[in-house]
Structures are given as C-alpha cells and as structure tokens.
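Trainee: Mind having a look at this structure? Questions to follow.
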Amino acid sequence: MAKSKGPRSAPQFVRYFGPVLDALQQLGGSGRPEEVRARIVQALGLSEKEQTDPMSSGIPRFENQVH
C-alpha cells in the first residue's frame, strides 16, 4: 500500500483566480494586464515587496502568478 504524502496544497497562483475575475468584471469583461494587476493590488492591499518579490528567474512572482 502506498504511503500518503498528506493533503495536497494548491499552487500559490490559485489565490489570484477570484481577484482576477473580479477585476475583469469591474473592467467590463476585459482589460490590459496592467489594469488587472492594479485592481488586484488595490483589492488585496499588496505591499510593494509582495508585488516585486522575484522568482529565481528574476521575474516578479506576483506578475508571473497573475499572468
């Protein structure tokens, strides 16, 4: 019998699904990536550090996860 590895956790980017949909709804169904990210930052009250925290590739994690 295989050992259980415990509960699976969802990828971090999943937390942005709702805020992305909310932002798109507020923008009339579509928007430029910058507009959507700005709405998410405002709605979640993200700090500058949270917005610019880089991944190992140098790309900001927030930007990558929202895309």
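To be explicit about the labels: the chains of the structure tokens are called A, B, and onward in the order shown, and within each one the residues are counted from 1, while ligands get numbers from 1 in the order they are shown.
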Per DSSP on the backbone, what are the alpha helix (DSSP H) residues of stretch 2-43 of chain A, as a ChimeraX atom specification?
Mentor: /A:17-26,33-43
Trainee: Give me a file of those residues, with N, CA and C atoms, as a PDB file, in the first residue's frame.
Mentor:
ATOM      1  N   PHE A  17      -7.198  33.691  -8.677  1.00  0.00           N
ATOM      2  CA  PHE A  17      -8.306  33.423  -9.596  1.00  0.00           C
ATOM      3  C   PHE A  17      -9.490  34.351  -9.332  1.00  0.00           C
ATOM      4  N   GLY A  18      -9.957  34.388  -8.092  1.00  0.00           N
ATOM      5  CA  GLY A  18     -11.097  35.233  -7.748  1.00  0.00           C
ATOM      6  C   GLY A  18     -10.830  36.704  -8.001  1.00  0.00           C
ATOM      7  N   PRO A  19      -9.697  37.233  -7.506  1.00  0.00           N
ATOM      8  CA  PRO A  19      -9.400  38.641  -7.754  1.00  0.00           C
ATOM      9  C   PRO A  19      -9.258  38.989  -9.242  1.00  0.00           C
ATOM     10  N   VAL A  20      -8.722  38.075 -10.050  1.00  0.00           N
ATOM     11  CA  VAL A  20      -8.624  38.336 -11.498  1.00  0.00           C
ATOM     12  C   VAL A  20     -10.025  38.433 -12.093  1.00  0.00           C
ATOM     13  N   LEU A  21     -10.888  37.494 -11.736  1.00  0.00           N
ATOM     14  CA  LEU A  21     -12.254  37.525 -12.254  1.00  0.00           C
ATOM     15  C   LEU A  21     -12.993  38.785 -11.798  1.00  0.00           C
ATOM     16  N   ASP A  22     -12.805  39.158 -10.535  1.00  0.00           N
ATOM     17  CA  ASP A  22     -13.430  40.387 -10.025  1.00  0.00           C
ATOM     18  C   ASP A  22     -12.944  41.606 -10.805  1.00  0.00           C
ATOM     19  N   ALA A  23     -11.635  41.679 -11.036  1.00  0.00           N
ATOM     20  CA  ALA A  23     -11.061  42.814 -11.764  1.00  0.00           C
ATOM     21  C   ALA A  23     -11.611  42.872 -13.186  1.00  0.00           C
ATOM     22  N   LEU A  24     -11.688  41.733 -13.842  1.00  0.00           N
ATOM     23  CA  LEU A  24     -12.215  41.716 -15.212  1.00  0.00           C
ATOM     24  C   LEU A  24     -13.682  42.133 -15.248  1.00  0.00           C
ATOM     25  N   GLN A  25     -14.430  41.707 -14.256  1.00  0.00           N
ATOM     26  CA  GLN A  25     -15.836  42.107 -14.185  1.00  0.00           C
ATOM     27  C   GLN A  25     -15.944  43.627 -14.004  1.00  0.00           C
ATOM     28  N   GLN A  26     -15.128  44.189 -13.120  1.00  0.00           N
ATOM     29  CA  GLN A  26     -15.132  45.634 -12.880  1.00  0.00           C
ATOM     30  C   GLN A  26     -14.718  46.410 -14.124  1.00  0.00           C
ATOM     31  N   PRO A  33      -3.310  43.758 -18.984  1.00  0.00           N
ATOM     32  CA  PRO A  33      -2.704  43.139 -17.804  1.00  0.00           C
ATOM     33  C   PRO A  33      -2.363  44.134 -16.699  1.00  0.00           C
ATOM     34  N   GLU A  34      -1.874  45.326 -17.075  1.00  0.00           N
ATOM     35  CA  GLU A  34      -1.518  46.335 -16.071  1.00  0.00           C
ATOM     36  C   GLU A  34      -2.751  46.776 -15.281  1.00  0.00           C
ATOM     37  N   GLU A  35      -3.879  46.909 -15.975  1.00  0.00           N
ATOM     38  CA  GLU A  35      -5.115  47.323 -15.309  1.00  0.00           C
ATOM     39  C   GLU A  35      -5.588  46.248 -14.328  1.00  0.00           C
ATOM     40  N   VAL A  36      -5.529  45.009 -14.771  1.00  0.00           N
ATOM     41  CA  VAL A  36      -5.967  43.901 -13.919  1.00  0.00           C
ATOM     42  C   VAL A  36      -5.066  43.792 -12.692  1.00  0.00           C
ATOM     43  N   ARG A  37      -3.755  43.855 -12.902  1.00  0.00           N
ATOM     44  CA  ARG A  37      -2.832  43.779 -11.763  1.00  0.00           C
ATOM     45  C   ARG A  37      -3.061  44.929 -10.797  1.00  0.00           C
ATOM     46  N   ALA A  38      -3.288  46.130 -11.303  1.00  0.00           N
ATOM     47  CA  ALA A  38      -3.529  47.284 -10.429  1.00  0.00           C
ATOM     48  C   ALA A  38      -4.781  47.074  -9.580  1.00  0.00           C
ATOM     49  N   ARG A  39      -5.824  46.523 -10.159  1.00  0.00           N
ATOM     50  CA  ARG A  39      -7.057  46.254  -9.409  1.00  0.00           C
ATOM     51  C   ARG A  39      -6.812  45.204  -8.331  1.00  0.00           C
ATOM     52  N   ILE A  40      -6.033  44.187  -8.656  1.00  0.00           N
ATOM     53  CA  ILE A  40      -5.736  43.133  -7.680  1.00  0.00           C
ATOM     54  C   ILE A  40      -4.915  43.699  -6.532  1.00  0.00           C
ATOM     55  N   VAL A  41      -3.913  44.499  -6.847  1.00  0.00           N
ATOM     56  CA  VAL A  41      -3.079  45.125  -5.816  1.00  0.00           C
ATOM     57  C   VAL A  41      -3.952  45.945  -4.872  1.00  0.00           C
ATOM     58  N   GLN A  42      -4.856  46.714  -5.442  1.00  0.00           N
ATOM     59  CA  GLN A  42      -5.733  47.561  -4.629  1.00  0.00           C
ATOM     60  C   GLN A  42      -6.675  46.708  -3.782  1.00  0.00           C
ATOM     61  N   ALA A  43      -7.295  45.713  -4.393  1.00  0.00           N
ATOM     62  CA  ALA A  43      -8.282  44.880  -3.694  1.00  0.00           C
ATOM     63  C   ALA A  43      -7.654  44.081  -2.555  1.00  0.00           C
TER      64      ALA A  43
END
Trainee: Would you work out the distance separating atom CA of A:Ser30 from atom CA of A:Asp53, expressed in Å to one decimal?
Mentor: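 Computed distance, atom CA of A:Ser30 to atom CA of A:Asp53, equals 26.4 Å.
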Trainee: Atom CA of A:Arg32 and atom CA of A:Gln65, how far apart in Å?
Mentor: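 Computing the Euclidean distance for atom CA of A:Gln65 and atom CA of A:Arg32 yields 15.6 Å.
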Trainee: So how many Å separate atom CA of A:Phe62 and atom CA of A:Gly31, to one decimal?
Mentor: 17.4 Å
